[in-house]
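Beneath this line is the structure, given in structure tokens, with notes to follow.
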Amino acid sequence: MVRWYRSLFLRIFLWFWLMVFFSMTVAIGVIVWIEDDYYREATTQEIRLLRTIVETQRPILAEERRFWRSLKPGWNLVITPLDNISQLPHDIEEFADEAAERTQILWGQDDGWQMIGPVRRGNYLYVAVARRGWQGLFEDEDRWVIPIAVILVVTLMCSLLAWSMTRPVRRLQGAVKQLARGDFDMSELNKTYRRHDEIGVLTQEVIDMADALQRLLQSHQQLLRDVSHELRSPLTRLQIALAIARKKDHDNVLAGEHDRIERAVGQVDNLIGQMLDLARLQQQDQAELLCEEDVVQERVQEWLDDAEIESNDHKLTLRFESDKAPILADWDWLLVERAFDNLVRNAIRFSPEGSELVIGCRLIKGRVELSVRDHGPGVPEDELSRIFDAFTQVDSARDHASGGYGIGLALVSRITELHDGTVVAENQSPGLKVTLSLPTFPKKSA
């Protein structure tokens with residue numbers, strides 16, 4: 001899982017926000033510079049407009065409270081007594097002082113306000129004031145809404161940008177996880193493949209890699225089947241030759257050598273059988289499972305009865321711990337028996353004489369957990385995730401000397417996968433515990 005501070009989404013989001021902040025800072029600086037106080041002599045047309053305003057509009061007394069709130073859109077006529085000019089708002093007062101110094105009627109702007117005047121009539125001073133339309137919104141009492149709205153809009157834009165840029169990366173991440181599960185269907189990457197940037201190129205490379213891995217796996221499986229079949233013929237001839245040699249040895253002079261040859265032939269025959277079973281299961285689809293509903297505890301008890309002879313030979317005790325309520329499951333029982341039998345016989349092989357094997361059967365949240373625990377040497381922690389790979393041998397007592405070839409647990413893993421389950425191994429100090437977790441009713445693939 002990607003840490004939050006390493007997230008590509010977050011980095012793009014932050015960089016975009018920095019870009020927006022810098023742009024807004026520059027824009028605000030330019031606006032402030034453009035809208036700085038500016039005064040000039042009013043033109044004839046502007047003086048004529050001022051006179052029209054004076055003659056037609058009702059004046060607003062500057063002494064009233066909330067003076068700026070009383071202004072309306074467009075031009076307003078502001079009036080103040082000559083002896084009370086200091087009551088004018090600061091911006092208009094500066095404008096009036098500048099006009100008095102120049103002894104002219106001026107046009108000016110100050111903080112977004114436009115002004116024409118002043119003109120004197122009697123004991124009053126008249127100034128035309130207009131608020132620029134867009135500026136009025138920022139001067140309103142609800143102006144706090146504006147920055148919040150801007151932040152929300154910018155946040156939405158940043159999120160959409162970051163999402164659009166990281167979406168293909170997440171799709172690639174999902175495709176790589178598919179590859180790790182052995183699923184080589186890359187149809188979900190077709191949309192990303194149509195991109196013409198670096199992500200599109202990377203997507204095509206992932207698709208090519210998936211195709212190459214699929215071809216490699218298929219050739220590996222084909223080689224495994226071919227080699228296994230080819231070994232059958234010389235092995236059969238070897239068994240026939242061994243039988244003939246035993247008949248010719250009337251005095252059993254070579255009986256010991258014949259027994260060793262027979263054991264070696266049996267081991268090779270068992271290895272070839274496991275290789276063929278693994279190759280067949282790797283090609284088998286979930287739809288080909290021969291599932292039927294039955295009680296799990298009854299089946300497990302039958303399997304343990306079959307293993308009792310071998311466990312007695314090793315002076316082991318089998319203890320079966322199970323839920324009392326019957327557990328119904330819809331499985332391919334021949335395959336599940338094969339997986340369970342591999343686990344039990346594996347545990348018997350590595351358990352010291354006089355020890356106990358604990359077999360568990362529990363129903364947890366719609367999944368049946370079948371566990372087998374021995375009291376043997378266990379497995380190094382860094383090897384636990386590899387023991388379910390074919391032909392994997394760990395650096396412990398669990399090696400060829402004990403009769404294993406690294407295929408039995410691979411068969412267990414594949415059978416579990418066909419039933420939508422998981423298999424986990426963990427050290428118990430002492431011993432190893434392997435747990436099959438299978439749904440009671442696996443989803444059937446089309």
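By convention in this document, the chains of the structure tokens carry letters A, B, ... by their order, each chain's residues are numbered from 1, and ligands are numbered from 1 in the order they are shown.
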
Within 10 Å of Trp15 of chain A, counting only C-alpha atoms, which residues show up once you throw out same-chain ones fewer than 6 positions away? Write them as a PyMOL selection string, please. chain A and resi 21+158+162

Taking the backbone alone, and naming residues the way the document does, which bits of segment 89-277 of chain A are strand (DSSP E or B) by DSSP, as a compact mmCIF listing (two decimals) with all heavy atoms, in the first residue's frame?
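What follows is the written file result-v8.txt:
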# COMPACT_ATOMS: atom_id res chain seq x y z
N LEU A 106 -12.83 66.72 -11.42
CA LEU A 106 -12.00 65.56 -11.74
C LEU A 106 -12.84 64.31 -11.99
O LEU A 106 -13.99 64.18 -11.54
CB LEU A 106 -11.01 65.27 -10.59
CG LEU A 106 -10.05 66.40 -10.19
CD1 LEU A 106 -9.17 65.93 -9.04
CD2 LEU A 106 -9.21 66.84 -11.38
N TRP A 107 -12.21 63.41 -12.71
CA TRP A 107 -12.70 62.02 -12.77
C TRP A 107 -11.61 61.17 -12.11
O TRP A 107 -10.41 61.37 -12.35
CB TRP A 107 -12.89 61.57 -14.22
CG TRP A 107 -13.33 60.11 -14.33
CD1 TRP A 107 -14.60 59.68 -14.44
CD2 TRP A 107 -12.49 58.94 -14.32
NE1 TRP A 107 -14.64 58.32 -14.50
CE2 TRP A 107 -13.34 57.82 -14.43
CE3 TRP A 107 -11.12 58.75 -14.22
CZ2 TRP A 107 -12.87 56.53 -14.44
CZ3 TRP A 107 -10.65 57.45 -14.22
CH2 TRP A 107 -11.52 56.35 -14.35
N GLY A 108 -12.03 60.23 -11.26
CA GLY A 108 -11.01 59.41 -10.60
C GLY A 108 -11.54 58.05 -10.22
O GLY A 108 -12.76 57.78 -10.25
N GLN A 109 -10.60 57.15 -9.86
CA GLN A 109 -10.98 55.84 -9.35
C GLN A 109 -10.13 55.56 -8.10
O GLN A 109 -8.97 55.94 -8.00
CB GLN A 109 -10.76 54.75 -10.40
CG GLN A 109 -9.29 54.49 -10.76
CD GLN A 109 -9.15 53.34 -11.74
OE1 GLN A 109 -10.09 53.02 -12.45
NE2 GLN A 109 -7.97 52.74 -11.78
N ASP A 110 -10.76 54.87 -7.16
CA ASP A 110 -10.09 54.59 -5.89
C ASP A 110 -10.73 53.34 -5.31
O ASP A 110 -11.91 53.34 -4.95
CB ASP A 110 -10.28 55.78 -4.94
CG ASP A 110 -9.36 55.66 -3.72
OD1 ASP A 110 -8.94 54.53 -3.42
OD2 ASP A 110 -9.09 56.70 -3.10
N TRP A 113 -13.92 52.27 -6.90
CA TRP A 113 -14.99 53.27 -6.98
C TRP A 113 -14.63 54.30 -8.04
O TRP A 113 -13.49 54.75 -8.11
CB TRP A 113 -15.19 53.97 -5.63
CG TRP A 113 -15.62 53.01 -4.55
CD1 TRP A 113 -14.84 52.34 -3.70
CD2 TRP A 113 -16.97 52.65 -4.25
NE1 TRP A 113 -15.58 51.56 -2.86
CE2 TRP A 113 -16.92 51.73 -3.18
CE3 TRP A 113 -18.21 53.00 -4.78
CZ2 TRP A 113 -18.05 51.15 -2.63
CZ3 TRP A 113 -19.35 52.43 -4.22
CH2 TRP A 113 -19.26 51.51 -3.17
N GLN A 114 -15.62 54.69 -8.83
CA GLN A 114 -15.45 55.76 -9.81
C GLN A 114 -16.19 57.01 -9.32
O GLN A 114 -17.29 56.91 -8.81
CB GLN A 114 -16.00 55.34 -11.18
CG GLN A 114 -15.22 54.20 -11.82
CD GLN A 114 -15.81 53.79 -13.16
OE1 GLN A 114 -16.96 54.06 -13.45
NE2 GLN A 114 -15.00 53.12 -13.97
N MET A 115 -15.52 58.17 -9.49
CA MET A 115 -16.09 59.43 -8.97
C MET A 115 -15.92 60.55 -9.99
O MET A 115 -14.91 60.59 -10.71
CB MET A 115 -15.39 59.82 -7.65
CG MET A 115 -15.65 58.83 -6.52
SD MET A 115 -14.56 59.09 -5.09
CE MET A 115 -13.04 58.34 -5.71
N ILE A 116 -16.93 61.43 -10.03
CA ILE A 116 -16.87 62.65 -10.86
C ILE A 116 -17.27 63.82 -9.97
O ILE A 116 -18.28 63.77 -9.29
CB ILE A 116 -17.82 62.57 -12.07
CG1 ILE A 116 -17.57 61.29 -12.87
CG2 ILE A 116 -17.66 63.79 -12.96
CD1 ILE A 116 -18.56 61.11 -14.01
N GLY A 117 -16.50 64.90 -10.02
CA GLY A 117 -16.84 66.08 -9.22
C GLY A 117 -15.58 66.67 -8.60
O GLY A 117 -14.46 66.41 -9.06
N PRO A 118 -15.76 67.36 -7.53
CA PRO A 118 -17.07 67.77 -6.98
C PRO A 118 -17.57 69.08 -7.61
O PRO A 118 -16.79 69.82 -8.22
CB PRO A 118 -16.76 67.92 -5.50
CG PRO A 118 -15.33 68.38 -5.49
CD PRO A 118 -14.65 67.75 -6.64
N VAL A 119 -18.86 69.37 -7.41
CA VAL A 119 -19.42 70.67 -7.79
C VAL A 119 -20.07 71.27 -6.54
O VAL A 119 -20.59 70.55 -5.69
CB VAL A 119 -20.44 70.53 -8.92
CG1 VAL A 119 -19.76 70.06 -10.19
CG2 VAL A 119 -21.58 69.58 -8.55
N ARG A 120 -20.02 72.60 -6.49
CA ARG A 120 -20.54 73.30 -5.31
C ARG A 120 -21.82 74.03 -5.68
O ARG A 120 -21.87 74.75 -6.67
CB ARG A 120 -19.50 74.29 -4.79
CG ARG A 120 -19.95 75.11 -3.60
CD ARG A 120 -18.85 76.03 -3.16
NE ARG A 120 -19.29 76.93 -2.11
CZ ARG A 120 -18.54 77.83 -1.53
NH1 ARG A 120 -17.27 77.96 -1.92
NH2 ARG A 120 -19.02 78.62 -0.56
N ARG A 121 -22.84 73.83 -4.83
CA ARG A 121 -24.11 74.52 -5.01
C ARG A 121 -24.58 74.95 -3.63
O ARG A 121 -24.92 74.11 -2.80
CB ARG A 121 -25.15 73.63 -5.67
CG ARG A 121 -24.86 73.36 -7.15
CD ARG A 121 -26.06 72.80 -7.86
NE ARG A 121 -25.83 72.65 -9.27
CZ ARG A 121 -26.74 72.23 -10.14
NH1 ARG A 121 -27.95 71.88 -9.69
NH2 ARG A 121 -26.45 72.14 -11.42
N TYR A 124 -23.43 73.25 -0.15
CA TYR A 124 -23.27 71.81 -0.27
C TYR A 124 -22.29 71.46 -1.39
O TYR A 124 -22.16 72.19 -2.38
CB TYR A 124 -24.61 71.12 -0.52
CG TYR A 124 -25.53 71.15 0.70
CD1 TYR A 124 -26.45 72.20 0.87
CD2 TYR A 124 -25.45 70.16 1.67
CE1 TYR A 124 -27.28 72.24 1.97
CE2 TYR A 124 -26.28 70.20 2.78
CZ TYR A 124 -27.19 71.23 2.93
OH TYR A 124 -28.00 71.27 4.03
N LEU A 125 -21.65 70.32 -1.21
CA LEU A 125 -20.71 69.79 -2.19
C LEU A 125 -21.29 68.49 -2.75
O LEU A 125 -21.73 67.62 -1.98
CB LEU A 125 -19.35 69.51 -1.52
CG LEU A 125 -18.15 69.37 -2.44
CD1 LEU A 125 -17.86 70.73 -3.12
CD2 LEU A 125 -16.93 68.91 -1.65
N TYR A 126 -21.32 68.41 -4.09
CA TYR A 126 -21.92 67.26 -4.75
C TYR A 126 -20.81 66.45 -5.45
O TYR A 126 -19.97 67.01 -6.14
CB TYR A 126 -22.96 67.68 -5.80
CG TYR A 126 -24.17 68.37 -5.21
CD1 TYR A 126 -24.14 69.73 -4.88
CD2 TYR A 126 -25.34 67.65 -4.98
CE1 TYR A 126 -25.24 70.37 -4.34
CE2 TYR A 126 -26.45 68.29 -4.44
CZ TYR A 126 -26.40 69.63 -4.12
OH TYR A 126 -27.50 70.25 -3.60
N VAL A 127 -20.90 65.10 -5.29
CA VAL A 127 -19.97 64.20 -5.97
C VAL A 127 -20.77 63.01 -6.51
O VAL A 127 -21.59 62.42 -5.79
CB VAL A 127 -18.87 63.67 -5.01
CG1 VAL A 127 -17.92 62.70 -5.74
CG2 VAL A 127 -18.10 64.82 -4.40
N ALA A 128 -20.53 62.66 -7.79
CA ALA A 128 -21.16 61.47 -8.37
C ALA A 128 -20.24 60.27 -8.11
O ALA A 128 -19.05 60.31 -8.42
CB ALA A 128 -21.38 61.66 -9.87
N VAL A 129 -20.83 59.22 -7.56
CA VAL A 129 -20.06 58.02 -7.19
C VAL A 129 -20.71 56.79 -7.82
O VAL A 129 -21.95 56.63 -7.75
CB VAL A 129 -20.00 57.85 -5.66
CG1 VAL A 129 -19.23 56.58 -5.29
CG2 VAL A 129 -19.37 59.08 -5.02
N ALA A 130 -19.90 55.94 -8.41
CA ALA A 130 -20.41 54.69 -9.00
C ALA A 130 -19.55 53.52 -8.51
O ALA A 130 -18.33 53.64 -8.40
CB ALA A 130 -20.39 54.77 -10.52
N ARG A 131 -20.20 52.44 -8.23
CA ARG A 131 -19.50 51.22 -7.84
C ARG A 131 -19.39 50.31 -9.06
O ARG A 131 -20.37 50.01 -9.72
CB ARG A 131 -20.28 50.50 -6.74
CG ARG A 131 -19.70 49.16 -6.35
CD ARG A 131 -20.59 48.43 -5.37
NE ARG A 131 -20.63 49.09 -4.08
CZ ARG A 131 -21.33 48.66 -3.04
NH1 ARG A 131 -22.08 47.59 -3.18
NH2 ARG A 131 -21.31 49.31 -1.90

Interface rows for segment 302-406 of chain A against segment 423-445 of chain A: nearest pair, Å to one decimal, 6 Å, only C-alpha atoms, as a Markdown table:
| residue | atom | partner | partner_atom | distance |
| --- | --- | --- | --- | --- |
| A:Ala329 | CA | A:Thr440 | CA | 4.3 |
| A:Asp330 | CA | A:Phe441 | CA | 5.3 |
| A:Arg367 | CA | A:Pro439 | CA | 4.2 |
| A:Val368 | CA | A:Leu438 | CA | 5.2 |
| A:Glu369 | CA | A:Ser437 | CA | 4.5 |
| A:Leu370 | CA | A:Leu436 | CA | 5.0 |
| A:Ser371 | CA | A:Thr435 | CA | 4.1 |
| A:Val372 | CA | A:Val434 | CA | 5.4 |
| A:Arg373 | CA | A:Lys433 | CA | 4.2 |
| A:Asp374 | CA | A:Gly431 | CA | 5.1 |
| A:His375 | CA | A:Gly431 | CA | 3.8 |
| A:Gly376 | CA | A:Gly431 | CA | 4.4 |
| A:Pro377 | CA | A:Gly431 | CA | 5.6 |
| A:Gly378 | CA | A:Gly431 | CA | 4.7 |

Take the residues from that selection and put them in a file with all heavy atoms, as a compact mmCIF listing (two decimals), in the first residue's frame.
# COMPACT_ATOMS: atom_id res chain seq x y z
N ALA A 329 -21.46 -27.87 2.97
CA ALA A 329 -20.62 -27.23 1.97
C ALA A 329 -20.86 -27.88 0.61
O ALA A 329 -21.20 -29.07 0.53
CB ALA A 329 -19.14 -27.32 2.35
N ASP A 330 -20.68 -27.09 -0.42
CA ASP A 330 -20.87 -27.56 -1.79
C ASP A 330 -19.51 -27.53 -2.48
O ASP A 330 -19.13 -26.53 -3.09
CB ASP A 330 -21.87 -26.64 -2.51
CG ASP A 330 -22.26 -27.18 -3.88
OD1 ASP A 330 -22.20 -28.41 -4.07
OD2 ASP A 330 -22.59 -26.38 -4.77
N ARG A 367 -17.29 -19.17 5.94
CA ARG A 367 -16.14 -19.88 5.40
C ARG A 367 -15.73 -21.00 6.36
O ARG A 367 -15.73 -20.81 7.58
CB ARG A 367 -14.96 -18.94 5.16
CG ARG A 367 -15.25 -17.84 4.16
CD ARG A 367 -14.06 -16.91 4.01
NE ARG A 367 -12.97 -17.56 3.29
CZ ARG A 367 -12.84 -17.54 1.98
NH1 ARG A 367 -13.73 -16.91 1.22
NH2 ARG A 367 -11.81 -18.13 1.40
N VAL A 368 -15.39 -22.14 5.79
CA VAL A 368 -14.96 -23.28 6.59
C VAL A 368 -13.44 -23.26 6.68
O VAL A 368 -12.75 -23.18 5.66
CB VAL A 368 -15.42 -24.61 5.96
CG1 VAL A 368 -14.96 -25.78 6.82
CG2 VAL A 368 -16.93 -24.62 5.79
N GLU A 369 -12.92 -23.32 7.89
CA GLU A 369 -11.48 -23.35 8.11
C GLU A 369 -11.07 -24.76 8.55
O GLU A 369 -11.42 -25.20 9.65
CB GLU A 369 -11.07 -22.32 9.15
CG GLU A 369 -11.22 -20.89 8.67
CD GLU A 369 -10.54 -19.88 9.59
OE1 GLU A 369 -10.02 -20.32 10.65
OE2 GLU A 369 -10.52 -18.68 9.25
N LEU A 370 -10.36 -25.45 7.67
CA LEU A 370 -9.80 -26.77 7.97
C LEU A 370 -8.32 -26.58 8.28
O LEU A 370 -7.57 -26.10 7.43
CB LEU A 370 -9.98 -27.71 6.78
CG LEU A 370 -11.42 -28.03 6.36
CD1 LEU A 370 -11.41 -28.91 5.11
CD2 LEU A 370 -12.17 -28.72 7.48
N SER A 371 -7.92 -26.95 9.48
CA SER A 371 -6.53 -26.74 9.88
C SER A 371 -5.88 -28.05 10.30
O SER A 371 -6.55 -28.94 10.86
CB SER A 371 -6.44 -25.72 11.02
OG SER A 371 -7.13 -26.19 12.16
N VAL A 372 -4.58 -28.14 10.03
CA VAL A 372 -3.78 -29.31 10.42
C VAL A 372 -2.53 -28.78 11.10
O VAL A 372 -1.76 -28.03 10.50
CB VAL A 372 -3.41 -30.18 9.21
CG1 VAL A 372 -2.54 -31.35 9.66
CG2 VAL A 372 -4.65 -30.68 8.50
N ARG A 373 -2.32 -29.20 12.36
CA ARG A 373 -1.15 -28.75 13.09
C ARG A 373 -0.32 -29.94 13.56
O ARG A 373 -0.86 -30.89 14.14
CB ARG A 373 -1.55 -27.92 14.31
CG ARG A 373 -0.33 -27.46 15.09
CD ARG A 373 -0.67 -26.82 16.40
NE ARG A 373 0.55 -26.56 17.17
CZ ARG A 373 0.56 -26.04 18.39
NH1 ARG A 373 -0.56 -25.72 18.98
NH2 ARG A 373 1.71 -25.85 19.01
N ASP A 374 0.97 -29.87 13.29
CA ASP A 374 1.88 -30.90 13.78
C ASP A 374 2.82 -30.30 14.83
O ASP A 374 2.73 -29.12 15.15
CB ASP A 374 2.68 -31.52 12.62
CG ASP A 374 3.54 -30.49 11.89
OD1 ASP A 374 4.28 -29.75 12.57
OD2 ASP A 374 3.48 -30.42 10.64
N HIS A 375 3.72 -31.11 15.35
CA HIS A 375 4.71 -30.66 16.34
C HIS A 375 6.12 -30.91 15.82
O HIS A 375 7.03 -31.24 16.60
CB HIS A 375 4.49 -31.36 17.68
CG HIS A 375 3.27 -30.90 18.40
ND1 HIS A 375 1.99 -31.32 18.06
CD2 HIS A 375 3.10 -30.04 19.45
CE1 HIS A 375 1.12 -30.75 18.85
NE2 HIS A 375 1.75 -29.97 19.71
N GLY A 376 6.28 -30.77 14.50
CA GLY A 376 7.57 -31.01 13.87
C GLY A 376 8.49 -29.80 13.93
O GLY A 376 8.30 -28.89 14.76
N PRO A 377 9.48 -29.76 13.04
CA PRO A 377 10.50 -28.69 13.08
C PRO A 377 10.02 -27.35 12.56
O PRO A 377 10.69 -26.34 12.74
CB PRO A 377 11.61 -29.24 12.18
CG PRO A 377 10.89 -30.16 11.23
CD PRO A 377 9.79 -30.79 12.01
N GLY A 378 8.85 -27.30 11.92
CA GLY A 378 8.37 -26.03 11.38
C GLY A 378 9.12 -25.62 10.12
O GLY A 378 9.88 -26.40 9.53

Enter the distance from atom CA of Asn123 of chain A to atom CA of Leu82 of chain A, in Å, rounded to one decimal. 5.6 Å

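Non-sequential neighbours of segment 52-60 of chain A (distance at most 10 Å, separation of 4 or more positions within a chain, only C-alpha atoms) are Glu46, Ile47, Arg48, Glu64, Phe67, Ser70, Leu71, Trp75, Asn76, Leu77, Val78, Ile79, Thr80, Val119, Tyr126, Val127 and Ala128 of chain A.
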
Let's have the selection written as an mmCIF file, in the first residue's frame, with N, CA and C atoms.
data_model
loop_
_atom_site.group_PDB
_atom_site.id
_atom_site.type_symbol
_atom_site.label_atom_id
_atom_site.label_comp_id
_atom_site.auth_asym_id
_atom_site.auth_seq_id
_atom_site.Cartn_x
_atom_site.Cartn_y
_atom_site.Cartn_z
ATOM 1 N N GLU A 46 -18.015 63.883 -19.367
ATOM 2 C CA GLU A 46 -18.145 63.476 -17.974
ATOM 3 C C GLU A 46 -18.740 64.589 -17.125
ATOM 4 N N ILE A 47 -18.381 65.851 -17.439
ATOM 5 C CA ILE A 47 -18.990 66.988 -16.714
ATOM 6 C C ILE A 47 -20.473 67.063 -17.001
ATOM 7 N N ARG A 48 -20.858 66.816 -18.279
ATOM 8 C CA ARG A 48 -22.275 66.834 -18.656
ATOM 9 C C ARG A 48 -23.026 65.729 -17.913
ATOM 10 N N GLU A 64 -25.296 59.939 6.860
ATOM 11 C CA GLU A 64 -26.138 58.815 7.231
ATOM 12 C C GLU A 64 -25.280 57.594 7.590
ATOM 13 N N PHE A 67 -23.213 54.357 5.062
ATOM 14 C CA PHE A 67 -23.279 55.143 3.832
ATOM 15 C C PHE A 67 -23.096 54.266 2.590
ATOM 16 N N SER A 70 -25.994 52.212 1.395
ATOM 17 C CA SER A 70 -27.135 52.913 0.786
ATOM 18 C C SER A 70 -26.929 53.201 -0.689
ATOM 19 N N LEU A 71 -25.709 52.981 -1.195
ATOM 20 C CA LEU A 71 -25.456 53.216 -2.617
ATOM 21 C C LEU A 71 -26.099 52.137 -3.463
ATOM 22 N N TRP A 75 -24.661 55.100 -11.060
ATOM 23 C CA TRP A 75 -24.207 56.369 -10.479
ATOM 24 C C TRP A 75 -25.115 56.804 -9.348
ATOM 25 N N ASN A 76 -24.481 57.323 -8.285
ATOM 26 C CA ASN A 76 -25.193 57.860 -7.118
ATOM 27 C C ASN A 76 -24.701 59.278 -6.859
ATOM 28 N N LEU A 77 -25.599 60.118 -6.348
ATOM 29 C CA LEU A 77 -25.255 61.500 -6.035
ATOM 30 C C LEU A 77 -25.057 61.624 -4.521
ATOM 31 N N VAL A 78 -23.815 62.008 -4.139
ATOM 32 C CA VAL A 78 -23.464 62.125 -2.727
ATOM 33 C C VAL A 78 -23.349 63.608 -2.396
ATOM 34 N N ILE A 79 -23.939 64.000 -1.261
ATOM 35 C CA ILE A 79 -23.945 65.403 -0.869
ATOM 36 C C ILE A 79 -23.477 65.522 0.577
ATOM 37 N N THR A 80 -22.712 66.615 0.823
ATOM 38 C CA THR A 80 -22.272 66.879 2.197
ATOM 39 C C THR A 80 -22.134 68.381 2.386
ATOM 40 N N VAL A 119 -18.859 69.367 -7.405
ATOM 41 C CA VAL A 119 -19.422 70.666 -7.790
ATOM 42 C C VAL A 119 -20.070 71.273 -6.538
ATOM 43 N N TYR A 126 -21.325 68.411 -4.089
ATOM 44 C CA TYR A 126 -21.920 67.258 -4.748
ATOM 45 C C TYR A 126 -20.814 66.448 -5.449
ATOM 46 N N VAL A 127 -20.902 65.103 -5.290
ATOM 47 C CA VAL A 127 -19.970 64.195 -5.969
ATOM 48 C C VAL A 127 -20.769 63.008 -6.510
ATOM 49 N N ALA A 128 -20.528 62.661 -7.787
ATOM 50 C CA ALA A 128 -21.157 61.474 -8.375
ATOM 51 C C ALA A 128 -20.244 60.267 -8.115
#

Counting only C-alpha atoms, what is within 12 Å of Ile199 of chain A, bar same-chain residues fewer than 6 positions away, as a CSV table (one decimal) with N, CA, C and O atoms, in the first residue's frame?
chain,number,residue,atom,x,y,z
A,164,SER,N,-7.9,12.2,-12.8
A,164,SER,CA,-7.7,11.8,-14.2
A,164,SER,C,-6.3,11.4,-14.5
A,164,SER,O,-6.1,10.5,-15.4
A,165,MET,N,-5.3,11.9,-13.8
A,165,MET,CA,-3.9,11.5,-14.0
A,165,MET,C,-3.5,10.2,-13.3
A,165,MET,O,-2.7,9.5,-13.8
A,166,THR,N,-4.1,10.0,-12.1
A,166,THR,CA,-3.8,8.8,-11.4
A,166,THR,C,-4.7,7.6,-11.7
A,166,THR,O,-4.4,6.4,-11.3
A,167,ARG,N,-5.8,7.8,-12.4
A,167,ARG,CA,-6.7,6.7,-12.7
A,167,ARG,C,-6.0,5.6,-13.5
A,167,ARG,O,-6.2,4.4,-13.2
A,168,PRO,N,-5.3,6.0,-14.6
A,168,PRO,CA,-4.7,4.9,-15.3
A,168,PRO,C,-3.6,4.2,-14.5
A,168,PRO,O,-3.3,3.0,-14.7
A,169,VAL,N,-3.0,4.9,-13.6
A,169,VAL,CA,-2.0,4.3,-12.7
A,169,VAL,C,-2.6,3.2,-11.8
A,169,VAL,O,-2.1,2.1,-11.6
A,170,ARG,N,-3.8,3.6,-11.3
A,170,ARG,CA,-4.5,2.6,-10.5
A,170,ARG,C,-5.0,1.4,-11.3
A,170,ARG,O,-5.0,0.3,-10.8
A,171,ARG,N,-5.4,1.7,-12.5
A,171,ARG,CA,-5.7,0.6,-13.4
A,171,ARG,C,-4.6,-0.3,-13.7
A,171,ARG,O,-4.7,-1.6,-13.7
A,172,LEU,N,-3.4,0.2,-13.8
A,172,LEU,CA,-2.2,-0.6,-14.0
A,172,LEU,C,-1.9,-1.4,-12.7
A,172,LEU,O,-1.5,-2.5,-12.8
A,189,LEU,N,-7.2,-2.8,-19.5
A,189,LEU,CA,-6.2,-1.8,-19.9
A,189,LEU,C,-6.4,-1.2,-21.2
A,189,LEU,O,-5.6,-0.3,-21.6
A,191,LYS,N,-8.6,0.9,-22.4
A,191,LYS,CA,-8.8,2.4,-22.4
A,191,LYS,C,-7.6,3.1,-22.2
A,191,LYS,O,-7.3,4.1,-22.8
A,192,THR,N,-6.8,2.7,-21.2
A,192,THR,CA,-5.5,3.4,-21.0
A,192,THR,C,-4.5,3.2,-22.1
A,192,THR,O,-3.7,4.1,-22.4
A,193,TYR,N,-4.6,2.1,-22.8
A,193,TYR,CA,-3.7,1.9,-24.0
A,193,TYR,C,-3.9,2.9,-25.1
A,193,TYR,O,-3.0,3.2,-25.8
A,205,GLU,N,3.4,-1.9,-22.6
A,205,GLU,CA,4.5,-2.8,-22.1
A,205,GLU,C,4.0,-3.8,-21.1
A,205,GLU,O,4.4,-5.0,-21.1
A,206,VAL,N,3.0,-3.4,-20.3
A,206,VAL,CA,2.4,-4.3,-19.3
A,206,VAL,C,1.6,-5.4,-20.0
A,206,VAL,O,1.7,-6.6,-19.7

Here is a test: counting only C-alpha atoms, which residue of A:Gly421, A:Gly200, A:Pro352, A:Gly256 is nearest to Trp331 of chain A? A:Gly421

Using only C-alpha atoms, determine which residues lie at most 9 Å from Asp332 of chain A, disregarding the query and same-chain residues fewer than 5 positions distant; provide the list as a compact mmCIF listing (two decimals) with N, CA and C atoms, in the first residue's frame.
# COMPACT_ATOMS: atom_id res chain seq x y z
N LEU A 289 -15.54 -28.22 -11.93
CA LEU A 289 -15.60 -28.89 -10.64
C LEU A 289 -16.89 -29.70 -10.52
N LEU A 290 -16.78 -30.88 -9.94
CA LEU A 290 -17.94 -31.76 -9.71
C LEU A 290 -18.40 -31.57 -8.27
N CYS A 291 -19.14 -30.51 -8.05
CA CYS A 291 -19.53 -30.14 -6.69
C CYS A 291 -20.82 -30.82 -6.27
N GLU A 292 -20.91 -31.16 -5.00
CA GLU A 292 -22.13 -31.67 -4.41
C GLU A 292 -22.16 -31.25 -2.93
N GLU A 293 -23.36 -31.15 -2.39
CA GLU A 293 -23.51 -30.67 -1.02
C GLU A 293 -23.41 -31.83 -0.04
N GLU A 337 -10.54 -33.63 -0.69
CA GLU A 337 -9.93 -34.76 0.02
C GLU A 337 -8.45 -34.88 -0.34
N HIS A 419 -11.58 -23.43 -5.52
CA HIS A 419 -12.77 -23.30 -4.67
C HIS A 419 -12.91 -21.90 -4.08

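As for atom CA of Val268 of chain A and atom CA of Asn342 of chain A, they are spaced 17.5 Å apart.
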